Amino acid sequence: MTDFRLHGSKVLAVSLGGDAVKAKNGSMVAYEGRMAFKKLTGGGEGLRGMVSRRLTGEQMTVMEVKGDGVCYFADEARDINLVRLSGEKLHVEASNLLCTDSGLRTGTTFTGLRGASQGNGLFTTTVEGTGQAALLSTGPAVLLRVSQGAPLQVDPGAYVGHQGELRQSFQSGVNFRTVMGEGSGESFQIRFEGEGLVYVQPSERATVGGDL
Amino acid sequence: MRDQAEPLDFRTLPADDNVNDYTFCVALDGRWFLQKGKMIAYYGQIEFHGVGHGPLDALIASSFHSPLHAADWVVAEGSGKMLLADRAFDVNSYDLTDGNLTVRSGNLLAFEPSLSLKQSIIPGFLTLVGTGKFVAASNGEVHFVEPPVRVDPQALVGWADCPSPCHHYDHAYLRGFLGGVRSLTGIGGASGEEHQFEFTGEGTVLIQSTETMLADRETGNVPGQAGVPGGQQGQAGPGFQRSYG
């Protein structure tokens with residue numbers, strides 16, 4: 001049985017009993033027991049997945065880790081957040097996905113304008129099924145609940161991922177003052193409505209819209 | 001050990017307090033000044049306006065006296081809860097009661113309009129005067145020390161009340177011809193600790209636990225005028241302002 005556990009906030013320990021997990025390529029820092037590492041071409045989603053990842057620019061280099069024992073993962077001392085899924089769909093940027101267990105399937109989906117504003121392309125990675133996943137964030141992510149009547153606006157640079165029944169729209173405060181160089185620096189936000197959870201990190205990636 | 005974090009929502013988010021060490025939540029009802037790009041998420045109805053926005057004139061006149069930093073600041077207006085963070089640095093809020101505090105300009109995230117923001121005569125620093133709350137970031141936890149104290153320039157976050165900030169050079173290091181060559185060229189080895197900021201007088205000095213700094217912003221340089229310290233670029237004292245990037 002696969003078990004995800006955090007050691008501190010920056011190292012993920014995965015106990016494996018003969019089963020396999022998918023992890024970001026090269027993120028293993030140590031292991032106990034016997035482990036086999038295999039690079040999965042195209043994110044381990046078969047030929048179709050490989051082609052769609054190539055086309056969408058949402059490339060993800062993934063390895064399969066299989067064996068008996070405990071395997072430790074970490075990535076650039078970034079913080080790790082555990083997510084337990086039971087049938088929901090989790091949306092996350094490929095660069096923020098560290099590890100998924102064998103009960104989860106990954107894929108790509110179209111995000112629309114949000115992706116463009118983040119400089120992350122128009123597509124995002126989805127994780128579906130039942131099991132655990134580990135997300136990376138710069139600084140510990142804050143988990144925010146969106147419910148009816150309480151929509152949430154998120155800065156595109158601080159967005160990590162979301163799950164649940166959420167509609168996202170792109171909100172822009174661009175007006176003539178932005179054009180005049182009097183922008184507010186907070187011109188673009190992603191607006192989430194519906195029921196679900198959003199992961200936000202306490203730092204911002206450089207984004208295309210960040211300076212406006 | 002932290003497993004899946006507990007989700008927070010509009011009601012459970014703290015009001016004017018830290019969510020965790022790296023994120024601060026402002027319960028906004030009115031206006032706050034905010035440095036650009038420090039807002040990561042918000043609930044509620046909030047609008048962001050550049051400092052040049054016409055209807056904000058009266059507010060700017062009373063609370064924002066730093067035209068050189070105007071391009072870096074916005075006013076958040078409305079009601080809701082707003083999360084602030086800065087490059088995963090530690091954030092803390094401070095309450096001033098009829099006081100003053102000077103802070104490195106890149107480290108200041110947001111402040112209440114009951115405070116007024118002025119440029120310090122020390123280049124690269126901003127002074128807040130009045131009564132109210134503000135939020136500042138530091139790389140690692142902030143430590144408070146009392147003068148007399150000498151501080152590494154990179155570890156300095158700011159100071160409160162009225163200690164006098166000045167440069168201190170270890171004289172022995174600079175003595176003689178070889179010392180002069182060393183200090184000018186860096187050849188001959190240096191411990192990197194020959195120059196400090198010295199504080200004397202009554203007050204509190206804020207230091208951070210790392211010497212890596214936030215990148216200094218190009219804006220906010222003092223004008224090149226006679227009598228203004230640091231005004232002429234390249235003529236400021238060695239090791240000051242520009243050279244620790």
# chains A, B, ... in the order shown; residues from 1 in each chain; ligands from 1

call {"tool": "residues_around", "arguments": {"residues": "Asn81 in chain A", "least_positions_apart": "3", "cutoff": "10 Å", "atoms": "only C-alpha atoms", "output": "ChimeraX atom specification"}}
result
/A:5-6,9-10,12,78,97-98,133-137,140-143,199 /B:2-5

call {"tool": "interface_residues", "arguments": {"of": "chain B", "to": "chain A", "cutoff": "9 Å", "atoms": "only C-alpha atoms", "output": "PyMOL selection string"}}
result
chain B and resi 1-10+13+19-20+22-23+35-44+47-53+71-75+83-89

call {"tool": "residues_around", "arguments": {"residues": "range 146-149 of chain B", "least_positions_apart": "3", "cutoff": "12 Å", "atoms": "only C-alpha atoms", "output": "JSON list (two decimals) with C-alpha atoms, in the first residue's frame"}}
result
[["chain", "number", "residue", "atom", "x", "y", "z"],
["B", 143, "HIS", "CA", 15.03, 40.10, 15.50],
["B", 152, "ASP", "CA", 25.74, 44.02, 8.78],
["B", 156, "LEU", "CA", 19.38, 45.42, 8.29],
["B", 159, "TRP", "CA", 14.80, 50.78, 12.76],
["B", 160, "ALA", "CA", 12.23, 52.45, 14.96],
["B", 161, "ASP", "CA", 12.19, 55.62, 17.03],
["B", 162, "CYS", "CA", 15.35, 57.62, 16.92],
["B", 163, "PRO", "CA", 18.63, 55.76, 16.85],
["B", 164, "SER", "CA", 21.19, 57.48, 14.68],
["B", 165, "PRO", "CA", 22.24, 55.33, 11.73],
["B", 166, "CYS", "CA", 25.80, 55.76, 10.52],
["B", 167, "HIS", "CA", 28.53, 53.84, 8.73],
["B", 168, "HIS", "CA", 31.25, 52.16, 10.67],
["B", 196, "GLN", "CA", 28.82, 47.87, 9.38],
["B", 197, "PHE", "CA", 25.91, 50.16, 10.08],
["B", 198, "GLU", "CA", 26.19, 51.54, 13.57],
["B", 199, "PHE", "CA", 23.20, 52.62, 15.63],
["B", 200, "THR", "CA", 23.39, 54.71, 18.78],
["B", 201, "GLY", "CA", 20.65, 56.41, 20.73],
["B", 202, "GLU", "CA", 17.22, 55.38, 21.94],
["B", 203, "GLY", "CA", 15.20, 53.01, 19.83],
["B", 204, "THR", "CA", 14.97, 49.56, 18.29],
["B", 205, "VAL", "CA", 16.80, 48.06, 15.33],
["B", 206, "LEU", "CA", 15.25, 45.31, 13.20],
["B", 207, "ILE", "CA", 17.52, 42.71, 11.68]]

call {"tool": "closest_residue", "arguments": {"among": "B:Gly140, B:Gly158, B:Pro55, B:Pro113", "to": "Asn100 in chain B", "atoms": "only C-alpha atoms"}}
result
B:Gly158

call {"tool": "residues_around", "arguments": {"residues": "Ala27 in chain B", "least_positions_apart": "2", "cutoff": "6 Å", "atoms": "only C-alpha atoms", "output": "PyMOL selection string"}}
result
chain B and resi 15-16+81

call {"tool": "closest_residue", "arguments": {"among": "B:Gly80, B:Ala110, B:Ile60, B:Trp32", "to": "Pro14 in chain B", "atoms": "only C-alpha atoms"}}
result
B:Gly80

call {"tool": "closest_residue", "arguments": {"among": "A:Ser27, A:Gln163, A:Thr2, A:Thr41", "to": "Leu90 in chain A", "atoms": "only C-alpha atoms"}}
result
A:Gln163

call {"tool": "select_by_dssp", "arguments": {"residues": "range 45-118 of chain B", "states": "strand (DSSP E)", "output": "PyMOL selection string"}}
result
chain B and resi 45-50+64-65+73-84+90-104+108-111+115-118

call {"tool": "residues_around", "arguments": {"residues": "His91 in chain A", "least_positions_apart": "4", "cutoff": "12 Å", "atoms": "only C-alpha atoms", "output": "mmCIF file with N, CA and C atoms, in the first residue's frame"}}
result
data_model
loop_
_atom_site.group_PDB
_atom_site.id
_atom_site.type_symbol
_atom_site.label_atom_id
_atom_site.label_comp_id
_atom_site.auth_asym_id
_atom_site.auth_seq_id
_atom_site.Cartn_x
_atom_site.Cartn_y
_atom_site.Cartn_z
ATOM 1 N N VAL A 83 -2.226 16.113 -1.140
ATOM 2 C CA VAL A 83 -3.627 16.208 -1.534
ATOM 3 C C VAL A 83 -4.180 14.794 -1.618
ATOM 4 N N LEU A 85 -7.212 12.614 -3.005
ATOM 5 C CA LEU A 85 -8.332 12.709 -3.938
ATOM 6 C C LEU A 85 -9.189 11.463 -3.834
ATOM 7 N N SER A 95 4.659 21.951 -13.623
ATOM 8 C CA SER A 95 5.882 22.228 -12.865
ATOM 9 C C SER A 95 5.652 22.142 -11.362
ATOM 10 N N ASN A 96 4.391 22.139 -10.941
ATOM 11 C CA ASN A 96 4.096 22.071 -9.507
ATOM 12 C C ASN A 96 3.698 20.677 -9.040
ATOM 13 N N LEU A 97 3.726 19.713 -9.935
ATOM 14 C CA LEU A 97 3.305 18.362 -9.561
ATOM 15 C C LEU A 97 4.547 17.530 -9.245
ATOM 16 N N ARG A 105 -4.739 9.195 -12.411
ATOM 17 C CA ARG A 105 -4.404 9.365 -13.826
ATOM 18 C C ARG A 105 -4.094 10.836 -14.072
ATOM 19 N N THR A 106 -3.137 11.093 -14.926
ATOM 20 C CA THR A 106 -2.836 12.479 -15.263
ATOM 21 C C THR A 106 -3.209 12.740 -16.716
ATOM 22 N N GLY A 107 -3.513 13.975 -17.013
ATOM 23 C CA GLY A 107 -3.858 14.344 -18.380
ATOM 24 C C GLY A 107 -3.662 15.829 -18.578
ATOM 25 N N THR A 108 -4.056 16.331 -19.742
ATOM 26 C CA THR A 108 -3.933 17.776 -19.972
ATOM 27 C C THR A 108 -5.292 18.355 -20.282
ATOM 28 N N THR A 109 -5.479 19.613 -19.945
ATOM 29 C CA THR A 109 -6.738 20.252 -20.287
ATOM 30 C C THR A 109 -6.501 21.703 -20.655
ATOM 31 N N PHE A 110 -7.460 22.246 -21.397
ATOM 32 C CA PHE A 110 -7.367 23.622 -21.854
ATOM 33 C C PHE A 110 -7.804 24.569 -20.743
ATOM 34 N N THR A 111 -7.045 25.606 -20.474
ATOM 35 C CA THR A 111 -7.437 26.519 -19.402
ATOM 36 C C THR A 111 -7.919 27.856 -19.899
ATOM 37 N N GLY A 115 -4.038 30.717 -18.409
ATOM 38 C CA GLY A 115 -2.709 30.189 -18.658
ATOM 39 C C GLY A 115 -1.818 31.211 -19.333
ATOM 40 N N PHE A 123 -2.509 25.557 -21.362
ATOM 41 C CA PHE A 123 -2.978 24.255 -20.908
ATOM 42 C C PHE A 123 -2.478 23.964 -19.504
ATOM 43 N N THR A 124 -3.183 23.086 -18.828
ATOM 44 C CA THR A 124 -2.772 22.715 -17.487
ATOM 45 C C THR A 124 -2.889 21.204 -17.334
ATOM 46 N N THR A 125 -2.320 20.688 -16.269
ATOM 47 C CA THR A 125 -2.342 19.249 -16.048
ATOM 48 C C THR A 125 -3.498 18.893 -15.120
ATOM 49 N N THR A 126 -4.175 17.794 -15.403
ATOM 50 C CA THR A 126 -5.235 17.334 -14.504
ATOM 51 C C THR A 126 -4.802 16.025 -13.854
ATOM 52 N N VAL A 127 -5.251 15.833 -12.629
ATOM 53 C CA VAL A 127 -4.998 14.587 -11.922
ATOM 54 C C VAL A 127 -6.364 14.084 -11.455
ATOM 55 N N GLU A 128 -6.682 12.841 -11.793
ATOM 56 C CA GLU A 128 -8.012 12.290 -11.485
ATOM 57 C C GLU A 128 -7.895 10.925 -10.847
ATOM 58 N N ALA A 133 -1.645 12.763 -3.994
ATOM 59 C CA ALA A 133 -0.717 13.473 -4.860
ATOM 60 C C ALA A 133 0.049 14.458 -4.007
ATOM 61 N N LEU A 135 1.951 18.208 -4.215
ATOM 62 C CA LEU A 135 2.131 19.413 -5.024
ATOM 63 C C LEU A 135 3.298 20.233 -4.478
ATOM 64 N N TYR A 159 -1.008 31.326 -8.138
ATOM 65 C CA TYR A 159 -1.876 30.155 -8.281
ATOM 66 C C TYR A 159 -1.039 28.876 -8.387
ATOM 67 N N VAL A 160 -1.410 27.857 -7.634
ATOM 68 C CA VAL A 160 -0.709 26.573 -7.710
ATOM 69 C C VAL A 160 -1.605 25.521 -8.349
ATOM 70 N N GLY A 161 -2.828 25.405 -7.850
ATOM 71 C CA GLY A 161 -3.737 24.401 -8.379
ATOM 72 C C GLY A 161 -5.115 24.554 -7.761
ATOM 73 N N HIS A 162 -6.087 23.783 -8.262
ATOM 74 C CA HIS A 162 -7.400 23.809 -7.631
ATOM 75 C C HIS A 162 -8.101 22.482 -7.841
ATOM 76 N N GLN A 163 -9.100 22.212 -7.001
ATOM 77 C CA GLN A 163 -9.891 21.001 -7.168
ATOM 78 C C GLN A 163 -11.350 21.308 -6.855
ATOM 79 N N GLY A 164 -12.231 20.461 -7.343
ATOM 80 C CA GLY A 164 -13.659 20.637 -7.095
ATOM 81 C C GLY A 164 -14.378 21.209 -8.304
ATOM 82 N N GLU A 165 -15.652 21.541 -8.093
ATOM 83 C CA GLU A 165 -16.486 22.060 -9.181
ATOM 84 C C GLU A 165 -16.324 23.570 -9.248
ATOM 85 N N LEU A 166 -15.303 24.013 -9.913
ATOM 86 C CA LEU A 166 -15.047 25.451 -9.960
ATOM 87 C C LEU A 166 -15.102 25.947 -11.391
ATOM 88 N N ARG A 167 -15.711 27.104 -11.542
ATOM 89 C CA ARG A 167 -15.648 27.797 -12.823
ATOM 90 C C ARG A 167 -14.598 28.876 -12.670
ATOM 91 N N GLN A 168 -13.714 28.968 -13.623
ATOM 92 C CA GLN A 168 -12.739 30.034 -13.509
ATOM 93 C C GLN A 168 -12.913 31.015 -14.639
ATOM 94 N N GLY A 196 -15.267 24.441 -4.206
ATOM 95 C CA GLY A 196 -14.000 23.734 -4.346
ATOM 96 C C GLY A 196 -12.902 24.374 -3.533
ATOM 97 N N LEU A 197 -11.680 23.929 -3.793
ATOM 98 C CA LEU A 197 -10.527 24.401 -3.044
ATOM 99 C C LEU A 197 -9.469 24.942 -4.013
ATOM 100 N N VAL A 198 -8.796 25.998 -3.592
ATOM 101 C CA VAL A 198 -7.738 26.571 -4.425
ATOM 102 C C VAL A 198 -6.457 26.614 -3.602
ATOM 103 N N TYR A 199 -5.345 26.217 -4.207
ATOM 104 C CA TYR A 199 -4.036 26.263 -3.559
ATOM 105 C C TYR A 199 -3.303 27.511 -4.034
#

call {"tool": "atom_distance", "arguments": {"atom1": "CA of Cys99 in chain A", "atom2": "CA of Gly69 in chain A"}}
result
16.2 Å

call {"tool": "closest_residue", "arguments": {"among": "B:Ala58, B:Cys25, B:Ser63, B:Ser93", "to": "Leu115 in chain B", "atoms": "only C-alpha atoms"}}
result
B:Ser63
